[in-house]
Each structure stands twice: as structure tokens, then as C-alpha cells.
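Visitor: The structure that follows is given in the form of C-alpha cells.
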Amino acid sequence: MSTETNIKQDIATFNHIFDALLQDEIDHPMTEAGEPEDIFKQLDIGLRDEPMPDDAFNENLKALVLKTPKTSSNRFFNQLFAGRKGRAVLGDLLAVVLNNSMYTYKVGGPQICVEREIIRQICSKIGYSEESGGTFPTGGSMANFMALLMARDKFDTEISHKGVRQTLIAYSSEESHYSMAKNASFAGIGRDNVRYIPADSDGKIKLDALEQQIKADLEKGLSPFFVNATAGTTVLGTYDPIDNLSVICNKYNLWLHVDGALGGAAMFSERYKYLLGGIEKSDSFAFNAHKMLGVPLSSSMIFARDKKYLYQSFSNDADYLYQGHSDDYNLGKMSLQCGRRNDALKFWTLWKSVGTKGLEEIVDYQFEQSKVAHDYIEKHPDYTVYSKTPSVTVCFNYKDIDPVKLCTELYEQQKIMVGYGAQGDTTFIRSVTVNTSNNTEDTLAFFKVIEDFVENKK
Ligand SMILES: Cc1ncc(COP(=O)(O)O)c(C=O)c1O
């Protein structure tokens with residue numbers, strides 16, 4: 001076809017643009033903020049009937065890349081992911097050119113074994129038995145959704161055929177991720193049937209409040225079925241007490257899910273794995289390698305202590321798809337999706353190259369950098385600190401300055417990308433120390449940039 005290009009030329013173009021990006025990340029670590037309407041005009045994003053000539057296409061593509069926010073630069077503290085790990089990028093690039101789908105061994109071949117090996121290693125790390133299993137959904141929100149569906153279908157095996165007929169109640173702390181509400185609506189449980197349990201000043205779910213609420217719901221004839229514990233809350237980075245929650249869940253026969261999308265990576269650290277104490281008693285566990293481990297988006301996993309619940313909720317026969325090999329290798333039978341991207345290989349290339357010890361170093365380093373940041377602001381009289389270590393989020397306010405205004409100005413004036421969050425009525429800046437390419441100087445420079453910016457505005 002006349003529109004086919006030589007892929008080797010495209011890879012050469014990729015290399016050229018990537019070199020330019022690496023240089024630009026140093027020269028301009030922040031891209032211009034700008035308004036979407038202006039960027040649309042500046043970049044020639046519009047699609048037309050006629051093809052674009054090669055040279056113009058390459059230049060246009062490069063401009064598009066260089067105007068995109070730089071999440072790997074040392075000025076990006078805005079999200080729970082940041083930085084770039086070469087070996088993981090290599091794995092992802094290969095997954096793209098291989099273009100397998102992870103539903104069957106016939107189509108995925110050894111990539112299926114790669115995914116299974118990661119699942120097996122993590123299940124064993126968190127103390128799940130041989131009965132356990134897992135899969136890679138599209139992200140942490142979907143991992144949490146799968147947990148909710150497994151819990152729902154365990155509570156009443158007829159729901160998947162007849163629909164929800166009872167008032168199911170799920171429990172989660174007020175600090176938990178917003179996917180809880182959406183997922184309850186998708187699962188037919190209803191947003192109003194999620195009970196948001198108050199958290200203490202550290203951001204941990206209050207156990208007595210949880211138990212009282214469960215009792216009150218039982219007395220009303222409602223059907224409690226699910227508790228979500230968060231291991232690393234989105235704003236304060238706090239870990240809920242999994243062990244204590246498992247006692248309550250046992251007592252009332254509730255499914256215990258641990259949302260470790262952010263903080264589950266502590267499992268790799270001898271020093272910090274205590275934060276996940278009791279994880280082996282949970283029924284399911286969600287974990288994102290694209291947050292603390294620096295694997296490119298997305299590389300997200302859901303684990304079930306008993307894999308029969310994965311099959312119960314997600315398996316479906318399809319003669320046109322499953323044509324050989326055992327279900328153990330036809331991973332589509334445990335998945336929410338049909339066609340499924342290979343999100344395992346990039347995690348595997350990182351893990352294989354640095355070893356489990358290397359993953360431990362990554363995790364320890366991030367907690368260490370957060371400690372460096374906390375030590376600095378705790379000693380500095382102009383800062384009010386809201387987060388507590390160990391956590392990879394650093395929450396603070398500076399000199400009583402409105403955090404929303406400050407974050408916005410820092411962004412608009414291309415100083416730093418950082419966001420804000422809230423606990424109760426208090427809003428503060430939330431910085432994140434997950435970019436392992438940042439050294440201590442970069443971590444401290446973040447505060448210097450803020451201080452100079454405020455000083456120069458006077
Ligand atoms: C605690 C927690 N759970 C779940 C998620 C959702 O993960 P994803 O962005 O991969 O959907 C996040 C994202 O920030 C999170 O912080």
C-alpha cells in the first residue's frame with residue numbers, strides 16, 4: 001500500500017525525536033503551560049484528507065513531543081508516577097513491536113510465562129498460597145473494580161446472572177481513592193452504598209467507627225460484604241492497619257481488599273514491608289508497578305488469595321478464542337478484557353535486570369528522599385507539615401500562602417509541576433518523591449525553587 005512506511009525509518013525518527021526530548025528535558029524541564037486552544041493552533045494537530053509530507057510530519061511530531069509535559073524531568077512532582085527507567089522502557093517498546101494479546105498461550109507464547117512468573121513471585125512475597133492468582137488489568141482503578149466484583153460474586157453467586165437484588169454495602173476510608181465510588185456504581189452496588197469511614201489525623205481508617213457502621217447496617221437488614229484497606233493513600237500516603245481490619249472482616253465475614261496501587265511496593269523492602277503487616281490475610285491486593293517502581297504507565301496488577309474467584313467472576317467460554325492449552329496459560333479466563341496489552345514485559349525487564357534486591361533499593365530510596373524532604377520542612381519555621389514518614393508523598397503549606405494559587409503560579413511560570421490535596425477542610429501542597437533519577441539535591445532544590453519564587457514576587 002502506498003501509505004506503508006519503512007518501520008526502520010520510523011525507528012530512526014523515534015531515535016531522533018527521543019534524543020531531542022532528552023536534551024530538552026535538561027534545557028527546559030518544564031514545558032509552557034498555555035491554553036489548549038492555543039496549543040491546538042500552534043502544533044498543527046488537525047487531521048486532514050491529504051497526507052502530510054515526511055519532513056513536515058517529522059518536524060510536527062517532534063514539536064508535539066517537546067510541548068508535552070515532561071514527567072521525567074527533575075521539576076515534575078505532580079503525580080504518583082515520575083521518571084523513566086531504561087530497562088522498563090526497553091521492555092515496553094518490545095511489547096509494542098511484538099503486539100501480542102495476553103488472552104491465550106497460542107497468541108502470547110512465552111510472554112504468558114513472563115506474566116505468570118511476576119504474579120507467582122508477588123503472590124509468594126505477600127504470603128498468598130499456591131491457590132492464589134492474579135492478572136494485569138488496565139490500571140489501579142480497574143484492579144479495585146475487579147476486587148469489588150469478586151467480592152460481590154462471592155457474597156451471592158447468582159448476582160452475575162440475576163443482577164443485584166440486595167442492598168450490598170462496601171466500606172472504605174474517607175481518604176481512599178475515588179475509584180471506590182465509580183466502581184460501586186459500575187458493579188450495581190450504588191455509590192450511596194459505599195460507607196466512607198472517618199480517618200484519624202494520620203489518615204488511617206478508624207477501626208471503631210468501621211465496626212459501629214457495620215453493626216448499624218446489619219441492624220437495618222442491609223448486606224455488608226466488602227472492606228477496602230488502602231496501603232498508601234493517594235494524598236497522605238498513609239497505610240491502613242491491614243491486620244486489624246482482617247480481624248473485623250473475619251468477624252463479619254467480609255471480603256478484605258488492599259488497594260496498594262501506590263504503596264504496595266513496600267513489599268519489596270525489608271525495612272518497610274511491616275507497613276503491609278497482615279497482607280497475607282487479605283482476599284485481594286491491587287498493586288501498580290507504574291507508581292513507586294517507575295515502570296511506564298500502565299503496569300497494574302490484581303491478586304486474589306484464591307484464584308477461583310477470578311475465574312468465577314471473569315471466565316467465559318469462547319470457542320473462537322480458546323483453542324488449545326490449559327486454562328492456566330489462557331490468561332483471558334481471569335481477565336476483565338478480551339484483547340489485552342502486554343503490561344508485564346516492561347516490569348519483567350526491569351525486575352530481571354536489577355533483581356529483587358534492585359526493586360528493594362528503588363523503594364528504600366523513595367522513602368529516603370521523602371525523609372530528606374520531611375526533615376527539611378520540619379526544621380524550617382515557614383513550613384507547616386501534614387504528612388508523616390514513611391510516605392512517598394510530602395504534604396505541606398508554605399508561609400500561609402494559598403496552596404492552590406501557589407501551585408497554579410508555579411505551573412504557569414514554568415517553575416515546578418506540583419499539585420495540591422486536602423485532608424478534611426485543610427488544603428495543602430502534595431509533592432511526590434517517586435522519581436529515582438532525582439538526587440538529594442533535586443529533592444531539596446524543589447523547596448528552594450518555591451522559596452525563591454515567593455521571595456521574587458514581593
Ligand atoms: C490509592 C490509589 N488507588 C488506586 C489508584 C488508581 O490507579 P490508576 O491511576 O492506575 O487507575 C490510585 C491512583 O493514584 C491511588 O492512589
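Identifiers in the C-alpha cells: chain A, B, ... in order shown; residue index from 1 per chain; ligand index from 1 in order shown.
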DSSP on the backbone, strand (DSSP E) only: what residues of region 1-179 of chain A does that give? Format it as an MDAnalysis selection string.

Guide: chainID A and resid 133:135 168:173

Visitor: Which residues come within 9 Å of Cys407 (chain A), counting only C-alpha atoms, excluding same-chain residues fewer than 2 positions away, as a list in words?

Guide: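 Listing them by chain and then by number gives Asp402, Pro403, Val404, Lys405, Glu409, Leu410, Tyr411, Glu412, Ile416, Met417, Val418, Gly419, Tyr420 and Ile429 of chain A.
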
Visitor: So that I have them on file, write out the residues from the current selection with N, CA and C atoms, as a PDB file, in the first residue's frame.

Guide:
ATOM      1  N   ASP A 402      -1.817  30.558  49.965  1.00  0.00           N
ATOM      2  CA  ASP A 402      -2.862  29.682  49.428  1.00  0.00           C
ATOM      3  C   ASP A 402      -2.215  28.625  48.504  1.00  0.00           C
ATOM      4  N   PRO A 403      -2.320  27.353  48.867  1.00  0.00           N
ATOM      5  CA  PRO A 403      -1.620  26.317  48.085  1.00  0.00           C
ATOM      6  C   PRO A 403      -2.123  26.197  46.646  1.00  0.00           C
ATOM      7  N   VAL A 404      -3.399  26.448  46.450  1.00  0.00           N
ATOM      8  CA  VAL A 404      -3.958  26.321  45.099  1.00  0.00           C
ATOM      9  C   VAL A 404      -3.339  27.385  44.200  1.00  0.00           C
ATOM     10  N   LYS A 405      -3.283  28.605  44.734  1.00  0.00           N
ATOM     11  CA  LYS A 405      -2.726  29.725  43.977  1.00  0.00           C
ATOM     12  C   LYS A 405      -1.230  29.485  43.709  1.00  0.00           C
ATOM     13  N   GLU A 409       0.514  29.123  40.070  1.00  0.00           N
ATOM     14  CA  GLU A 409       1.526  30.082  39.596  1.00  0.00           C
ATOM     15  C   GLU A 409       2.844  29.388  39.253  1.00  0.00           C
ATOM     16  N   LEU A 410       3.214  28.419  40.077  1.00  0.00           N
ATOM     17  CA  LEU A 410       4.472  27.682  39.809  1.00  0.00           C
ATOM     18  C   LEU A 410       4.385  26.973  38.460  1.00  0.00           C
ATOM     19  N   TYR A 411       3.204  26.472  38.155  1.00  0.00           N
ATOM     20  CA  TYR A 411       2.969  25.785  36.876  1.00  0.00           C
ATOM     21  C   TYR A 411       2.970  26.791  35.729  1.00  0.00           C
ATOM     22  N   GLU A 412       2.209  27.861  35.887  1.00  0.00           N
ATOM     23  CA  GLU A 412       2.086  28.822  34.784  1.00  0.00           C
ATOM     24  C   GLU A 412       3.417  29.499  34.468  1.00  0.00           C
ATOM     25  N   ILE A 416       7.808  24.663  38.510  1.00  0.00           N
ATOM     26  CA  ILE A 416       7.684  23.294  39.035  1.00  0.00           C
ATOM     27  C   ILE A 416       6.273  22.810  38.743  1.00  0.00           C
ATOM     28  N   MET A 417       6.126  21.506  38.487  1.00  0.00           N
ATOM     29  CA  MET A 417       4.771  20.950  38.436  1.00  0.00           C
ATOM     30  C   MET A 417       4.519  20.179  39.718  1.00  0.00           C
ATOM     31  N   VAL A 418       3.616  20.702  40.503  1.00  0.00           N
ATOM     32  CA  VAL A 418       3.242  20.047  41.763  1.00  0.00           C
ATOM     33  C   VAL A 418       1.756  20.320  41.986  1.00  0.00           C
ATOM     34  N   GLY A 419       1.088  19.410  42.659  1.00  0.00           N
ATOM     35  CA  GLY A 419      -0.359  19.568  42.847  1.00  0.00           C
ATOM     36  C   GLY A 419      -0.712  19.776  44.311  1.00  0.00           C
ATOM     37  N   TYR A 420      -2.005  19.902  44.557  1.00  0.00           N
ATOM     38  CA  TYR A 420      -2.459  20.065  45.936  1.00  0.00           C
ATOM     39  C   TYR A 420      -3.493  19.000  46.265  1.00  0.00           C
ATOM     40  N   ILE A 429      -0.117  21.591  49.704  1.00  0.00           N
ATOM     41  CA  ILE A 429       0.635  21.140  48.532  1.00  0.00           C
ATOM     42  C   ILE A 429       1.040  19.685  48.764  1.00  0.00           C
TER      43      ILE A 429
END

Visitor: Check which residues fall inside 7 Å of ligand 1 when counting only C-alpha atoms and all ligand atoms, and print them as a PDB file with N, CA and C atoms, in the first residue's frame.

Guide:
ATOM      1  N   LEU A  80       1.711  10.529  41.119  1.00  0.00           N
ATOM      2  CA  LEU A  80       2.271   9.399  41.861  1.00  0.00           C
ATOM      3  C   LEU A  80       3.166   8.535  40.968  1.00  0.00           C
ATOM      4  N   GLY A 139      -5.285  -0.661  35.008  1.00  0.00           N
ATOM      5  CA  GLY A 139      -4.790   0.315  35.979  1.00  0.00           C
ATOM      6  C   GLY A 139      -5.309  -0.024  37.363  1.00  0.00           C
ATOM      7  N   GLY A 140      -4.921   0.799  38.337  1.00  0.00           N
ATOM      8  CA  GLY A 140      -5.315   0.552  39.725  1.00  0.00           C
ATOM      9  C   GLY A 140      -6.817   0.637  39.930  1.00  0.00           C
ATOM     10  N   SER A 141      -7.453   1.572  39.218  1.00  0.00           N
ATOM     11  CA  SER A 141      -8.912   1.718  39.383  1.00  0.00           C
ATOM     12  C   SER A 141      -9.611   0.434  38.934  1.00  0.00           C
ATOM     13  N   MET A 142      -9.153  -0.107  37.814  1.00  0.00           N
ATOM     14  CA  MET A 142      -9.756  -1.353  37.304  1.00  0.00           C
ATOM     15  C   MET A 142      -9.401  -2.542  38.199  1.00  0.00           C
ATOM     16  N   SER A 176      -9.639   7.161  50.985  1.00  0.00           N
ATOM     17  CA  SER A 176      -9.321   6.191  49.929  1.00  0.00           C
ATOM     18  C   SER A 176      -9.527   6.793  48.538  1.00  0.00           C
ATOM     19  N   HIS A 177      -9.073   6.064  47.532  1.00  0.00           N
ATOM     20  CA  HIS A 177      -9.082   6.566  46.152  1.00  0.00           C
ATOM     21  C   HIS A 177     -10.499   6.688  45.599  1.00  0.00           C
ATOM     22  N   SER A 179     -11.763   5.851  42.929  1.00  0.00           N
ATOM     23  CA  SER A 179     -12.282   4.753  42.106  1.00  0.00           C
ATOM     24  C   SER A 179     -13.327   3.936  42.860  1.00  0.00           C
ATOM     25  N   THR A 230      -6.512   0.808  52.350  1.00  0.00           N
ATOM     26  CA  THR A 230      -5.570   1.436  51.422  1.00  0.00           C
ATOM     27  C   THR A 230      -4.154   1.317  51.971  1.00  0.00           C
ATOM     28  N   ALA A 231      -3.260   0.830  51.128  1.00  0.00           N
ATOM     29  CA  ALA A 231      -1.840   0.767  51.509  1.00  0.00           C
ATOM     30  C   ALA A 231      -1.141   1.874  50.721  1.00  0.00           C
ATOM     31  N   GLY A 232      -1.085   3.045  51.335  1.00  0.00           N
ATOM     32  CA  GLY A 232      -0.533   4.219  50.663  1.00  0.00           C
ATOM     33  C   GLY A 232      -1.662   5.049  50.086  1.00  0.00           C
ATOM     34  N   THR A 233      -2.257   5.912  50.925  1.00  0.00           N
ATOM     35  CA  THR A 233      -3.386   6.715  50.427  1.00  0.00           C
ATOM     36  C   THR A 233      -2.884   7.761  49.430  1.00  0.00           C
ATOM     37  N   THR A 234      -3.778   8.153  48.548  1.00  0.00           N
ATOM     38  CA  THR A 234      -3.404   8.989  47.404  1.00  0.00           C
ATOM     39  C   THR A 234      -2.816  10.332  47.827  1.00  0.00           C
ATOM     40  N   ASP A 259      -5.931  -1.968  48.643  1.00  0.00           N
ATOM     41  CA  ASP A 259      -5.575  -1.132  47.495  1.00  0.00           C
ATOM     42  C   ASP A 259      -4.144  -0.621  47.734  1.00  0.00           C
ATOM     43  N   GLY A 260      -3.198  -1.370  47.176  1.00  0.00           N
ATOM     44  CA  GLY A 260      -1.788  -0.977  47.308  1.00  0.00           C
ATOM     45  C   GLY A 260      -1.265  -0.380  46.016  1.00  0.00           C
ATOM     46  N   ALA A 261      -2.157   0.270  45.254  1.00  0.00           N
ATOM     47  CA  ALA A 261      -1.746   0.842  43.961  1.00  0.00           C
ATOM     48  C   ALA A 261      -0.508   1.710  44.149  1.00  0.00           C
ATOM     49  N   LEU A 262      -0.517   2.540  45.169  1.00  0.00           N
ATOM     50  CA  LEU A 262       0.651   3.391  45.411  1.00  0.00           C
ATOM     51  C   LEU A 262       1.684   2.684  46.290  1.00  0.00           C
ATOM     52  N   ASN A 288       0.348  -1.268  41.688  1.00  0.00           N
ATOM     53  CA  ASN A 288       0.789  -0.638  40.437  1.00  0.00           C
ATOM     54  C   ASN A 288       2.311  -0.565  40.381  1.00  0.00           C
ATOM     55  N   SER A 298       0.732   1.684  31.651  1.00  0.00           N
ATOM     56  CA  SER A 298       0.405   1.263  32.989  1.00  0.00           C
ATOM     57  C   SER A 298       0.874  -0.174  33.180  1.00  0.00           C
ATOM     58  N   SER A 300      -0.239  -2.635  36.064  1.00  0.00           N
ATOM     59  CA  SER A 300      -1.074  -2.723  37.247  1.00  0.00           C
ATOM     60  C   SER A 300      -1.523  -4.163  37.444  1.00  0.00           C
TER      61      SER A 300
END

Visitor: Leaving out Ala184 (chain A) and any residue of its chain fewer than 2 positions from it, which residues lie within 10 Å of it when counting only C-alpha atoms, given as an NGL selection string?

Guide: :A and (145 or 148-149 or 168-170 or 179-182 or 186-194)

Visitor: Give the alpha helix (DSSP H) residues of region 202-445 of chain A, as DSSP finds them on the backbone, and put them as a VMD selection string.

Guide: chain A and resid 207 to 219 242 to 252 308 to 314 345 to 379 403 to 412 440 to 445

Visitor: With only C-alpha atoms as the counted atoms, please give the residues lying no more than 12 Å from Asp55 (chain A), apart from itself and same-chain residues fewer than 6 positions off, as a PyMOL selection string.

Guide: chain A and resi 13+61-62

Visitor: Find the residue from A:Tyr311, A:Ser172, A:Ala216, A:Val247 that sits nearest to Ala229 (chain A); use only C-alpha atoms when measuring.

Guide: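 Looking at the shortest contact to Ala229 (chain A), the residue is A:Ser172.
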